[in-house]
Amino acid sequence: MPSFKIDLSTAVVFVATAPVPKLVSKQTGERAVDRETGAGLSTVGLLISDEGEGNLYQVTVPETGLPENLGPGMPVSVIGLKARDWENTFNGQTRHGISFRAVAITAGV
């Protein structure tokens, strides 16, 4: 599926939740990895505010693109943010949504 770049040039971005490892399976604890680099993936909650509206997004980032000690309330810059729609069917139930992925997050703005 195609992905779409998201322009954050006028947005203010803060960490809402610290990075946590993204899992392939909660039962086995297997961590998701980037298919191209093999780096482990993490999910970070980001509060993105632009044009008077703020939203919380869960963004997947390779661990190589995360600074140490990233915590709630920190202002950050997001590099290479993209959105991709998804759909899957499990046990006869179809689900769909939008996933967000970034190349890196850097501390400060």
# chains A, B, ... in the order shown; residues from 1 in each chain; ligands from 1

call {"tool": "residues_around", "arguments": {"residues": "Gly97 in chain A", "least_positions_apart": "5", "cutoff": "7 Å", "atoms": "only C-alpha atoms", "output": "ChimeraX atom specification"}}
result
/A:85-87

call {"tool": "residues_around", "arguments": {"residues": "Asp7 in chain A", "least_positions_apart": "3", "cutoff": "9 Å", "atoms": "only C-alpha atoms", "output": "list in words"}}
result
Thr10, Ala11, Gly80, Leu81 and Lys82 of chain A

call {"tool": "write_last_selection", "arguments": {"atoms": "C-alpha atoms", "output": "PDB file, in the first residue's frame"}}
result
ATOM      1  CA  THR A  10       4.297  24.430  11.116  1.00  0.00           C
ATOM      2  CA  ALA A  11       3.491  21.949  13.914  1.00  0.00           C
ATOM      3  CA  GLY A  80      10.345  11.469   7.760  1.00  0.00           C
ATOM      4  CA  LEU A  81       6.847  11.013   9.185  1.00  0.00           C
ATOM      5  CA  LYS A  82       4.557   9.004   6.897  1.00  0.00           C
TER       6      LYS A  82
END

call {"tool": "residues_around", "arguments": {"residues": "Thr106 in chain A", "least_positions_apart": "4", "cutoff": "8 Å", "atoms": "only C-alpha atoms", "output": "NGL selection string"}}
result
:A and (65-67 or 76-79)

call {"tool": "residues_around", "arguments": {"residues": "Ile48 in chain A", "least_positions_apart": "6", "cutoff": "9 Å", "atoms": "only C-alpha atoms", "output": "PyMOL selection string"}}
result
chain A and resi 8+11-15+54-57

call {"tool": "write_last_selection", "arguments": {"atoms": "all heavy atoms", "output": "PDB file, in the first residue's frame"}}
result
ATOM      1  N   LEU A   8       5.193  18.507   8.862  1.00  0.00           N
ATOM      2  CA  LEU A   8       5.123  19.034  10.230  1.00  0.00           C
ATOM      3  C   LEU A   8       5.835  20.375  10.367  1.00  0.00           C
ATOM      4  O   LEU A   8       6.139  20.804  11.472  1.00  0.00           O
ATOM      5  CB  LEU A   8       5.761  18.030  11.199  1.00  0.00           C
ATOM      6  CG  LEU A   8       5.054  16.689  11.340  1.00  0.00           C
ATOM      7  CD1 LEU A   8       5.847  15.777  12.272  1.00  0.00           C
ATOM      8  CD2 LEU A   8       3.640  16.874  11.842  1.00  0.00           C
ATOM      9  N   ALA A  11       4.020  22.601  12.719  1.00  0.00           N
ATOM     10  CA  ALA A  11       3.491  21.949  13.914  1.00  0.00           C
ATOM     11  C   ALA A  11       4.454  22.040  15.086  1.00  0.00           C
ATOM     12  O   ALA A  11       5.664  22.200  14.923  1.00  0.00           O
ATOM     13  CB  ALA A  11       3.190  20.492  13.615  1.00  0.00           C
ATOM     14  N   VAL A  12       3.892  21.920  16.276  1.00  0.00           N
ATOM     15  CA  VAL A  12       4.652  21.786  17.517  1.00  0.00           C
ATOM     16  C   VAL A  12       4.426  20.355  17.984  1.00  0.00           C
ATOM     17  O   VAL A  12       3.285  19.883  18.028  1.00  0.00           O
ATOM     18  CB  VAL A  12       4.160  22.787  18.587  1.00  0.00           C
ATOM     19  CG1 VAL A  12       4.898  22.588  19.891  1.00  0.00           C
ATOM     20  CG2 VAL A  12       4.307  24.207  18.082  1.00  0.00           C
ATOM     21  N   VAL A  13       5.527  19.652  18.319  1.00  0.00           N
ATOM     22  CA  VAL A  13       5.418  18.235  18.666  1.00  0.00           C
ATOM     23  C   VAL A  13       6.044  17.990  20.036  1.00  0.00           C
ATOM     24  O   VAL A  13       7.166  18.431  20.310  1.00  0.00           O
ATOM     25  CB  VAL A  13       6.117  17.350  17.605  1.00  0.00           C
ATOM     26  CG1 VAL A  13       5.926  15.874  17.927  1.00  0.00           C
ATOM     27  CG2 VAL A  13       5.608  17.666  16.205  1.00  0.00           C
ATOM     28  N   PHE A  14       5.314  17.258  20.886  1.00  0.00           N
ATOM     29  CA  PHE A  14       5.785  16.873  22.211  1.00  0.00           C
ATOM     30  C   PHE A  14       5.622  15.371  22.380  1.00  0.00           C
ATOM     31  O   PHE A  14       4.693  14.773  21.827  1.00  0.00           O
ATOM     32  CB  PHE A  14       4.968  17.562  23.316  1.00  0.00           C
ATOM     33  CG  PHE A  14       5.164  19.041  23.380  1.00  0.00           C
ATOM     34  CD1 PHE A  14       4.307  19.892  22.711  1.00  0.00           C
ATOM     35  CD2 PHE A  14       6.204  19.571  24.118  1.00  0.00           C
ATOM     36  CE1 PHE A  14       4.489  21.264  22.770  1.00  0.00           C
ATOM     37  CE2 PHE A  14       6.398  20.947  24.183  1.00  0.00           C
ATOM     38  CZ  PHE A  14       5.538  21.798  23.509  1.00  0.00           C
ATOM     39  N   VAL A  15       6.496  14.777  23.196  1.00  0.00           N
ATOM     40  CA  VAL A  15       6.352  13.365  23.544  1.00  0.00           C
ATOM     41  C   VAL A  15       5.212  13.255  24.549  1.00  0.00           C
ATOM     42  O   VAL A  15       5.195  13.953  25.563  1.00  0.00           O
ATOM     43  CB  VAL A  15       7.650  12.798  24.150  1.00  0.00           C
ATOM     44  CG1 VAL A  15       7.451  11.368  24.623  1.00  0.00           C
ATOM     45  CG2 VAL A  15       8.785  12.891  23.148  1.00  0.00           C
ATOM     46  N   GLY A  54      -4.833  19.854  18.394  1.00  0.00           N
ATOM     47  CA  GLY A  54      -3.830  18.905  18.861  1.00  0.00           C
ATOM     48  C   GLY A  54      -4.365  17.499  18.821  1.00  0.00           C
ATOM     49  O   GLY A  54      -5.525  17.259  19.169  1.00  0.00           O
ATOM     50  N   ASN A  55      -3.530  16.563  18.392  1.00  0.00           N
ATOM     51  CA  ASN A  55      -3.925  15.153  18.331  1.00  0.00           C
ATOM     52  C   ASN A  55      -2.801  14.274  18.829  1.00  0.00           C
ATOM     53  O   ASN A  55      -1.622  14.610  18.695  1.00  0.00           O
ATOM     54  CB  ASN A  55      -4.267  14.757  16.887  1.00  0.00           C
ATOM     55  CG  ASN A  55      -5.526  15.415  16.397  1.00  0.00           C
ATOM     56  OD1 ASN A  55      -6.611  15.114  16.856  1.00  0.00           O
ATOM     57  ND2 ASN A  55      -5.379  16.353  15.477  1.00  0.00           N
ATOM     58  N   LEU A  56      -3.172  13.124  19.388  1.00  0.00           N
ATOM     59  CA  LEU A  56      -2.215  12.146  19.865  1.00  0.00           C
ATOM     60  C   LEU A  56      -2.054  11.065  18.807  1.00  0.00           C
ATOM     61  O   LEU A  56      -3.044  10.507  18.331  1.00  0.00           O
ATOM     62  CB  LEU A  56      -2.698  11.530  21.171  1.00  0.00           C
ATOM     63  CG  LEU A  56      -1.824  10.436  21.769  1.00  0.00           C
ATOM     64  CD1 LEU A  56      -0.466  10.993  22.152  1.00  0.00           C
ATOM     65  CD2 LEU A  56      -2.511   9.821  22.965  1.00  0.00           C
ATOM     66  N   TYR A  57      -0.810  10.779  18.440  1.00  0.00           N
ATOM     67  CA  TYR A  57      -0.516   9.753  17.440  1.00  0.00           C
ATOM     68  C   TYR A  57       0.473   8.757  18.016  1.00  0.00           C
ATOM     69  O   TYR A  57       1.429   9.150  18.697  1.00  0.00           O
ATOM     70  CB  TYR A  57       0.105  10.384  16.177  1.00  0.00           C
ATOM     71  CG  TYR A  57      -0.824  11.323  15.469  1.00  0.00           C
ATOM     72  CD1 TYR A  57      -0.771  12.686  15.720  1.00  0.00           C
ATOM     73  CD2 TYR A  57      -1.754  10.855  14.551  1.00  0.00           C
ATOM     74  CE1 TYR A  57      -1.623  13.560  15.071  1.00  0.00           C
ATOM     75  CE2 TYR A  57      -2.608  11.721  13.900  1.00  0.00           C
ATOM     76  CZ  TYR A  57      -2.544  13.074  14.169  1.00  0.00           C
ATOM     77  OH  TYR A  57      -3.388  13.940  13.534  1.00  0.00           O
TER      78      TYR A  57
END

call {"tool": "closest_residue", "arguments": {"among": "A:Ile98, A:Val103, A:Ala18, A:Leu41", "to": "Asn69 in chain A", "atoms": "only C-alpha atoms"}}
result
A:Ala18

call {"tool": "closest_residue", "arguments": {"among": "A:Thr60, A:Ser3, A:Gly73, A:Ala107", "to": "Asp34 in chain A", "atoms": "only C-alpha atoms"}}
result
A:Thr60

call {"tool": "closest_residue", "arguments": {"among": "A:Pro2, A:Pro62, A:Gly71, A:Pro19", "to": "Arg35 in chain A", "atoms": "only C-alpha atoms"}}
result
A:Pro62

call {"tool": "closest_residue", "arguments": {"among": "A:Thr17, A:Leu23, A:Gln58, A:Thr37", "to": "Ala102 in chain A", "atoms": "only C-alpha atoms"}}
result
A:Gln58

call {"tool": "select_by_dssp", "arguments": {"residues": "range 15-105 of chain A", "states": "strand (DSSP E)", "output": "PyMOL selection string"}}
result
chain A and resi 15-21+41-50+53-62+76-79+82-90+93-101+104-105
